[in-house]
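Below is data_37.txt, holding compact mmCIF, C-alpha atoms.
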```txt
# COMPACT_ATOMS: atom_id res chain seq x y z
CA VAL A 1 -25.41 -127.66 -98.19
CA LEU A 2 -24.76 -129.61 -101.40
CA LEU A 3 -22.34 -126.95 -102.63
CA GLU A 4 -20.53 -126.92 -99.29
CA LEU A 5 -20.14 -130.70 -99.58
CA THR A 6 -18.82 -130.28 -103.13
CA LYS A 7 -16.27 -127.77 -101.85
CA LEU A 8 -15.20 -130.25 -99.17
CA LYS A 9 -14.96 -132.94 -101.83
CA SER A 10 -12.72 -130.68 -103.93
CA LEU A 11 -10.45 -130.24 -100.91
CA VAL A 12 -10.16 -134.00 -100.43
CA ASN A 13 -9.47 -134.57 -104.14
CA PHE A 14 -6.85 -131.82 -104.16
CA TYR A 15 -4.86 -133.34 -101.31
CA ARG A 16 -5.18 -136.81 -102.82
CA GLY A 17 -3.68 -135.47 -106.04
CA ASN A 18 -6.87 -136.12 -108.03
CA HIS A 19 -6.65 -132.70 -109.68
CA ARG A 20 -8.98 -133.37 -112.61
CA GLN A 21 -11.87 -134.19 -110.27
CA ALA A 22 -10.84 -131.33 -107.97
CA VAL A 23 -11.14 -128.92 -110.92
CA SER A 24 -14.63 -130.25 -111.69
CA ASP A 25 -15.61 -129.65 -108.07
CA PHE A 26 -14.00 -126.18 -108.04
CA GLU A 27 -15.91 -125.08 -111.11
CA GLN A 28 -19.22 -126.06 -109.55
CA THR A 29 -18.62 -123.97 -106.46
CA LYS A 30 -16.25 -121.11 -107.37
CA HIS A 31 -19.12 -118.62 -107.86
CA LEU A 32 -19.74 -118.89 -104.10
CA PHE A 33 -16.16 -118.15 -103.07
CA ALA A 34 -14.82 -114.81 -104.30
CA PRO A 35 -11.02 -114.60 -104.45
CA LYS A 36 -11.12 -111.65 -102.05
CA LYS A 37 -12.68 -113.90 -99.39
CA ASP A 38 -10.99 -117.29 -99.81
CA ALA A 39 -7.28 -117.31 -100.71
CA ASN A 40 -6.84 -121.02 -99.98
CA PHE A 41 -9.62 -122.01 -102.36
CA TYR A 42 -8.09 -120.04 -105.23
CA TYR A 43 -4.60 -121.37 -104.51
CA ARG A 44 -5.87 -124.94 -104.74
CA MET A 45 -7.85 -124.14 -107.89
CA ALA A 46 -4.83 -122.56 -109.66
CA THR A 47 -2.60 -125.49 -108.68
CA SER A 48 -5.11 -128.07 -109.92
CA TYR A 49 -5.63 -126.25 -113.23
CA ASN A 50 -1.86 -126.21 -113.75
CA SER A 51 -1.52 -129.87 -112.83
CA ILE A 52 -3.93 -130.96 -115.59
CA GLY A 53 -2.43 -128.68 -118.23
CA LYS A 54 -5.06 -125.92 -118.21
CA HIS A 55 -2.34 -123.27 -118.06
CA GLN A 56 -4.42 -120.30 -119.17
CA LYS A 57 -7.00 -120.91 -116.44
CA ALA A 58 -4.21 -121.59 -113.95
CA CYS A 59 -2.62 -118.25 -114.82
CA GLN A 60 -5.90 -116.32 -114.60
CA THR A 61 -6.74 -117.86 -111.22
CA ALA A 62 -3.21 -117.18 -109.96
CA LYS A 63 -3.55 -113.55 -111.06
CA GLU A 64 -6.76 -113.16 -109.03
CA LEU A 65 -5.08 -114.76 -106.03
CA PHE A 66 -2.07 -112.43 -106.24
CA TYR A 67 -4.22 -109.35 -106.88
CA HIS A 68 -6.36 -109.85 -103.78
CA HIS A 69 -3.79 -111.59 -101.54
CA PRO A 70 -0.26 -110.54 -102.56
CA LEU A 71 1.23 -111.71 -99.24
CA TYR A 72 -0.38 -115.14 -99.36
CA PRO A 73 2.54 -117.56 -98.78
CA ASP A 74 2.24 -119.27 -102.20
CA ALA A 75 0.95 -116.33 -104.25
CA LYS A 76 4.29 -115.74 -106.02
CA LYS A 77 4.72 -119.47 -106.57
CA THR A 78 1.38 -119.78 -108.37
CA ILE A 79 1.98 -116.66 -110.49
CA ARG A 80 4.75 -118.65 -112.17
CA TYR A 81 1.95 -120.57 -113.88
CA CYS A 82 1.83 -117.53 -116.18
CA ASN A 83 5.27 -118.45 -117.60
CA GLN A 84 3.74 -119.78 -120.81
CA ASN A 85 3.98 -118.77 -124.48
CA GLY A 86 6.88 -116.41 -123.86
CA ASN A 87 5.20 -114.64 -120.95
CA ASN A 88 7.31 -113.74 -117.92
CA HIS A 89 5.73 -113.91 -114.47
CA ILE A 90 7.79 -110.88 -113.37
CA ASN A 91 5.97 -108.78 -115.97
CA THR A 92 2.70 -110.29 -114.75
CA ILE A 93 3.51 -109.22 -111.18
CA ARG A 94 4.27 -105.68 -112.39
CA GLU A 95 0.96 -105.55 -114.24
CA ILE A 96 -0.89 -106.69 -111.11
CA TYR A 97 0.91 -104.09 -108.98
CA ASP A 98 -0.24 -101.44 -111.48
CA ARG A 99 -3.83 -102.72 -111.09
CA GLN A 100 -3.52 -102.67 -107.31
CA LYS A 101 -2.09 -99.15 -107.34
CA GLN A 102 -4.91 -97.83 -109.51
CA SER A 103 -7.42 -99.55 -107.25
CA VAL A 104 -5.97 -97.70 -104.25
CA ILE A 105 -5.74 -94.34 -106.00
CA THR A 106 -9.40 -94.51 -107.06
CA THR A 107 -10.42 -94.58 -103.38
CA LYS A 108 -8.93 -91.13 -102.79
CA LEU A 109 -11.29 -88.84 -100.93
CA PRO A 110 -11.85 -85.14 -101.78
CA LYS A 111 -10.79 -82.40 -99.42
CA ASP A 112 -14.08 -82.44 -97.60
CA LYS A 113 -13.54 -82.83 -93.85
CA THR A 114 -10.51 -82.32 -91.66
CA ILE A 115 -9.64 -84.69 -88.84
CA PRO A 116 -11.14 -83.56 -85.52
CA ILE A 117 -8.75 -82.84 -82.68
CA LEU A 118 -8.45 -86.05 -80.68
CA ASN A 119 -8.18 -86.24 -76.89
CA LEU A 120 -5.43 -88.78 -76.25
CA GLU A 121 -2.74 -89.63 -73.73
CA ASP A 122 0.91 -90.48 -74.17
CA GLU A 123 2.53 -93.55 -72.59
CA LYS A 124 3.08 -91.58 -69.37
CA PHE A 125 -0.69 -90.85 -69.26
CA THR A 126 -0.15 -87.17 -69.99
CA GLU A 127 -3.02 -85.57 -71.90
CA VAL A 128 -2.33 -84.90 -75.59
CA LEU A 129 -4.56 -82.95 -77.95
CA PHE A 130 -3.66 -84.49 -81.28
CA ASP A 131 -4.12 -82.19 -84.27
CA ALA A 132 -3.09 -83.97 -87.49
CA LYS A 133 -2.38 -80.78 -89.43
CA GLN A 134 -0.12 -79.30 -86.77
CA ALA A 135 3.04 -81.07 -88.00
CA GLY A 136 2.47 -79.96 -91.59
CA LYS A 137 3.12 -83.54 -92.76
CA ILE A 138 1.13 -86.30 -94.37
CA THR A 139 -0.03 -88.48 -91.48
CA VAL A 140 -0.59 -92.22 -91.50
CA LEU A 141 -2.90 -92.67 -88.52
CA THR A 142 -3.74 -96.15 -87.32
CA PHE A 143 -6.26 -97.09 -84.65
CA PHE A 144 -5.50 -100.56 -83.28
CA SER A 145 -5.84 -102.80 -80.23
CA THR A 146 -3.44 -105.31 -78.75
CA TRP A 147 -6.18 -108.00 -78.62
CA CYS A 148 -7.33 -107.52 -82.24
CA THR A 149 -6.34 -110.44 -84.50
CA HIS A 150 -6.16 -108.37 -87.70
CA CYS A 151 -4.14 -105.73 -85.85
CA LYS A 152 -1.53 -108.33 -84.88
CA VAL A 153 -1.25 -109.38 -88.54
CA GLU A 154 -0.99 -105.88 -89.97
CA PHE A 155 1.01 -104.13 -87.25
CA PRO A 156 4.37 -105.60 -88.45
CA LEU A 157 3.59 -104.30 -91.96
CA LEU A 158 2.98 -100.84 -90.53
CA VAL A 159 6.24 -101.01 -88.55
CA ALA A 160 8.10 -102.04 -91.74
CA PHE A 161 6.46 -99.19 -93.70
CA HIS A 162 7.59 -96.70 -91.05
CA ARG A 163 11.16 -98.01 -91.23
CA ASP A 164 11.10 -97.57 -95.00
CA VAL A 165 9.90 -93.98 -94.50
CA MET A 166 12.70 -93.32 -92.01
CA LYS A 167 15.32 -94.59 -94.49
CA ASN A 168 14.03 -92.36 -97.30
CA ASP A 169 15.00 -88.71 -96.78
CA ARG A 170 12.25 -87.43 -99.06
CA LEU A 171 9.51 -89.44 -97.36
CA ASN A 172 10.88 -88.83 -93.87
CA SER A 173 10.61 -85.07 -94.35
CA LYS A 174 7.00 -85.28 -95.51
CA VAL A 175 5.36 -88.28 -93.76
CA GLN A 176 4.71 -89.23 -90.14
CA VAL A 177 3.18 -92.41 -88.71
CA ILE A 178 1.04 -92.20 -85.58
CA GLY A 179 -0.57 -95.06 -83.67
CA VAL A 180 -3.59 -94.83 -81.38
CA ARG A 181 -4.17 -97.71 -79.02
CA THR A 182 -7.89 -97.96 -78.48
CA ALA A 183 -10.37 -100.23 -76.65
CA ILE A 184 -7.77 -100.62 -73.92
CA GLU A 185 -10.43 -101.86 -71.47
CA ARG A 186 -10.38 -105.20 -73.32
CA GLU A 187 -6.61 -105.65 -73.28
CA ASN A 188 -5.41 -108.98 -71.94
CA THR A 189 -1.80 -108.62 -73.10
CA PRO A 190 0.46 -106.14 -71.29
CA TRP A 191 1.35 -103.24 -73.58
CA ASP A 192 5.07 -103.65 -72.88
CA LEU A 193 4.89 -107.25 -74.10
CA PHE A 194 3.09 -106.22 -77.29
CA LYS A 195 5.62 -103.44 -77.87
CA SER A 196 8.61 -105.71 -77.30
CA LYS A 197 7.24 -108.15 -79.86
CA PHE A 198 6.70 -105.64 -82.70
CA HIS A 199 9.20 -102.86 -81.84
CA PRO A 200 7.30 -99.83 -83.17
CA GLU A 201 9.48 -96.74 -83.55
CA PHE A 202 6.70 -94.23 -84.15
CA PRO A 203 4.62 -92.38 -81.51
CA ILE A 204 1.76 -94.37 -80.03
CA TYR A 205 -0.94 -92.63 -78.01
CA ILE A 206 -3.75 -94.01 -75.87
CA ASP A 207 -7.46 -93.52 -76.46
CA PRO A 208 -8.08 -93.31 -72.70
CA VAL A 209 -11.84 -93.47 -72.14
CA MET A 210 -14.09 -96.09 -73.74
CA SER A 211 -12.67 -95.55 -77.26
CA LEU A 212 -14.29 -92.13 -77.40
CA SER A 213 -11.67 -90.59 -79.69
CA PHE A 214 -11.89 -93.47 -82.14
CA ALA A 215 -15.69 -93.26 -82.06
CA LYS A 216 -15.48 -89.51 -82.67
CA PHE A 217 -13.15 -90.04 -85.64
CA ALA A 218 -15.32 -92.79 -87.14
CA LYS A 219 -18.58 -90.84 -86.67
CA ASN A 220 -17.07 -87.73 -88.26
CA PHE A 221 -16.42 -89.66 -91.49
CA GLY A 222 -19.26 -92.19 -91.39
CA LEU A 223 -16.92 -95.14 -90.87
CA ASN A 224 -17.43 -98.45 -89.13
CA THR A 225 -15.47 -98.82 -85.91
CA SER A 226 -13.55 -101.86 -87.17
CA LEU A 227 -9.96 -102.48 -86.18
CA PRO A 228 -7.44 -101.77 -87.39
CA THR A 229 -8.47 -98.55 -89.11
CA ILE A 230 -5.66 -97.00 -91.13
CA ALA A 231 -6.18 -93.45 -92.38
CA VAL A 232 -3.96 -91.30 -94.58
CA ILE A 233 -4.34 -87.59 -93.88
CA ASP A 234 -2.84 -84.83 -96.00
CA SER A 235 -0.66 -82.03 -94.62
CA GLU A 236 -3.71 -79.76 -94.26
CA GLY A 237 -5.51 -82.27 -92.04
CA TYR A 238 -7.98 -83.65 -94.59
CA LEU A 239 -8.77 -87.36 -94.60
CA ARG A 240 -7.80 -88.60 -98.07
CA TYR A 241 -7.50 -92.38 -97.84
CA ILE A 242 -8.78 -95.23 -95.72
CA ILE A 243 -6.62 -98.29 -96.33
CA GLU A 244 -8.79 -101.39 -96.33
CA ASN A 245 -7.43 -104.17 -94.15
CA GLY A 246 -7.09 -107.81 -95.12
CA HIS A 247 -5.18 -110.84 -93.95
CA TYR A 248 -2.81 -111.09 -96.93
CA LYS A 249 -2.88 -107.50 -98.20
CA ASN A 250 0.36 -105.60 -98.76
CA ILE A 251 -0.46 -102.67 -96.50
CA GLY A 252 3.03 -101.21 -96.87
CA LYS A 253 2.77 -100.93 -100.66
CA GLU A 254 -0.73 -99.47 -100.48
CA LEU A 255 0.42 -96.85 -97.97
CA LEU A 256 3.40 -95.97 -100.15
CA TRP A 257 1.13 -95.48 -103.17
CA ALA A 258 -1.25 -93.31 -101.14
CA VAL A 259 1.38 -91.06 -99.56
CA SER A 260 3.29 -90.76 -102.86
CA ASP A 261 0.08 -89.60 -104.53
CA LEU A 262 -0.44 -86.96 -101.84
CA ILE A 263 3.18 -85.81 -102.10
CA TYR A 264 2.73 -85.41 -105.85
CA GLU A 265 -0.48 -83.46 -105.26
CA GLN A 266 1.29 -81.26 -102.73
CA GLU A 267 4.21 -80.57 -105.07
CA ASN A 268 2.02 -80.02 -108.13
CA PRO A 269 -0.92 -77.89 -106.95
CA VAL A 270 -3.76 -77.28 -109.38
CA ASP A 271 -5.06 -73.73 -109.35
CA ASP A 272 -8.80 -73.42 -108.75
CA LEU A 273 -10.59 -72.03 -111.78
```

Show me this structure written as structure tokens.
Amino acid sequence: VLLELTKLKSLVNFYRGNHRQAVSDFEQTKHLFAPKKDANFYYRMATSYNSIGKHQKACQTAKELFYHHPLYPDAKKTIRYCNQNGNNHINTIREIYDRQKQSVITTKLPKDKTIPILNLEDEKFTEVLFDAKQAGKITVLTFFSTWCTHCKVEFPLLVAFHRDVMKNDRLNSKVQVIGVRTAIERENTPWDLFKSKFHPEFPIYIDPVMSLSFAKFAKNFGLNTSLPTIAVIDSEGYLRYIIENGHYKNIGKELLWAVSDLIYEQENPVDDL
């Protein structure tokens, strides 16, 4: 309770412009608030460090903010705190992107299990047996719901990623994006309204009965049934990546890194010894 009160005190001091005291409060409580969990806390901490001339700490805190929350509204603003001693924040951003890319690539799964065939329906309620390997493409498969808060945040990023794929001849020939609308029993927003808001241009199927296809997919790979779930499947139907969701994550970049890695793997096969 005392630490929570100290955090609240740091918030008050920050907005009053008493940055030196805010920094003291931050440093007492920061071990409780990982940058991955609390973007606002780390934004305030970086700003206060910079305001009292602790530029190295401001830069380090800004780096952690940008690494975990690249789409946070002020993430690029705070990374400018790294413009000290001849450093350029653009180079800092590139270095962080390299870290993020390596973090994604290290989550790559081996060719262990293929995606099960999923019993779905199209928008006309016609039965579809979806087989990911049938198209011979890398598949970005997202399970989402219209009522899911995180889905509403990340769906525009997925739509933007698909548009980037469509504009790139190389990617367009090798990558497809597929949506599966699940948990439809809980929908309180008409699908047409959701669709008119986000304008997806990729196929979207329905998980028609009590999320059974999503449950089947999750059980097959030992995954939690959290939404959205974004999977990257290689052209042979093997699950290779699960893209972790997050409020300020750059899902589009992470998907691009994942599919580019699989394209490289596909074009540069390693012979089994």

Long-range neighbours of Asn220 in chain A as a PyMOL selection string, 9 Å cut-off, all atoms listed in the file, 2 positions minimum in chain
chain A and resi 113+115-116+215-218+222-223

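Restricting the calculation to all atoms listed in the file, the smallest distance between Gln102 in chain A and any of A:Tyr264, A:Phe161, A:Phe125, A:Trp257 is found for A:Trp257.
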
Counting all atoms listed in the file, the option among A:Tyr241, A:Phe130, A:Phe155, A:Trp147 closest to Leu118 in chain A:
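The closest residue to Leu118 in chain A is A:Phe130.
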
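Taking CA of His69 in chain A and CA of Trp191 in chain A as endpoints, the distance between them is 29.6 Å.
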
For Ser145 in chain A, which residue out of A:Asn188, A:Ser103, A:Asn87, A:Ser173 is the nearest one, using all atoms listed in the file?
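Ranked by minimum distance to Ser145 in chain A, first place goes to A:Asn188.
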
The residue from A:Ser24, A:Asn119, A:Thr78, A:Thr149 with the smallest atom-to-atom distance to Thr47 in chain A, counting all atoms listed in the file, is A:Thr78

One decimal, Å: what's the distance from CA of Asp98 in chain A over to CA of Val175 in chain A, could you say?
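Between CA of Asp98 in chain A and CA of Val175 in chain A the gap is 22.8 Å.
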
For range 39-44 of chain A: contacts at 9 Å, only C-alpha atoms, fewer than 3 positions along chain excluded, given as an mmCIF file with C-alpha atoms, in the coordinates of the input:
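Written out: out-v7.cif:
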```
data_model
loop_
_atom_site.group_PDB
_atom_site.id
_atom_site.type_symbol
_atom_site.label_atom_id
_atom_site.label_comp_id
_atom_site.auth_asym_id
_atom_site.auth_seq_id
_atom_site.Cartn_x
_atom_site.Cartn_y
_atom_site.Cartn_z
ATOM 1 C CA LYS A 7 -16.270 -127.770 -101.850
ATOM 2 C CA SER A 10 -12.720 -130.680 -103.930
ATOM 3 C CA LEU A 11 -10.450 -130.240 -100.910
ATOM 4 C CA PHE A 14 -6.850 -131.820 -104.160
ATOM 5 C CA ALA A 22 -10.840 -131.330 -107.970
ATOM 6 C CA PHE A 26 -14.000 -126.180 -108.040
ATOM 7 C CA LYS A 30 -16.250 -121.110 -107.370
ATOM 8 C CA PHE A 33 -16.160 -118.150 -103.070
ATOM 9 C CA ALA A 34 -14.820 -114.810 -104.300
ATOM 10 C CA PRO A 35 -11.020 -114.600 -104.450
ATOM 11 C CA LYS A 36 -11.120 -111.650 -102.050
ATOM 12 C CA THR A 47 -2.600 -125.490 -108.680
ATOM 13 C CA SER A 48 -5.110 -128.070 -109.920
ATOM 14 C CA TYR A 49 -5.630 -126.250 -113.230
ATOM 15 C CA THR A 61 -6.740 -117.860 -111.220
ATOM 16 C CA ALA A 62 -3.210 -117.180 -109.960
ATOM 17 C CA GLU A 64 -6.760 -113.160 -109.030
ATOM 18 C CA LEU A 65 -5.080 -114.760 -106.030
ATOM 19 C CA HIS A 68 -6.360 -109.850 -103.780
ATOM 20 C CA HIS A 69 -3.790 -111.590 -101.540
ATOM 21 C CA TYR A 72 -0.380 -115.140 -99.360
ATOM 22 C CA ASP A 74 2.240 -119.270 -102.200
ATOM 23 C CA ALA A 75 0.950 -116.330 -104.250
ATOM 24 C CA THR A 78 1.380 -119.780 -108.370
ATOM 25 C CA TYR A 248 -2.810 -111.090 -96.930
#
```

As a count of residues only, please: the residues near Leu227 in chain A (cut-off 9 Å, all atoms listed in the file, same-chain neighbours under 6 positions excluded).
9

Surrounding residues of Gln60 in chain A excluding itself and chain neighbours under 3 positions, 9 Å, all atoms listed in the file, as a VMD selection string:
chain A and resid 46 55 to 57 63 to 65 79 81 to 82

Compare A:Pro203, A:Met45, A:Arg16, A:Leu8 by their minimum atom-to-atom distance to Val140 in chain A, counting only C-alpha atoms, and give me the closest one.
A:Pro203

Which distance in Å separates CA of Asn91 in chain A and CA of Phe66 in chain A, to one decimal?
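Between these atoms lies a distance of 13.1 Å.
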
Option closest in space to Glu236 in chain A, from A:His199, A:Arg186, A:Lys133, A:Arg163 [counting only C-alpha atoms]:
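Once distances to Glu236 in chain A are computed over only C-alpha atoms, the minimum belongs to A:Lys133.
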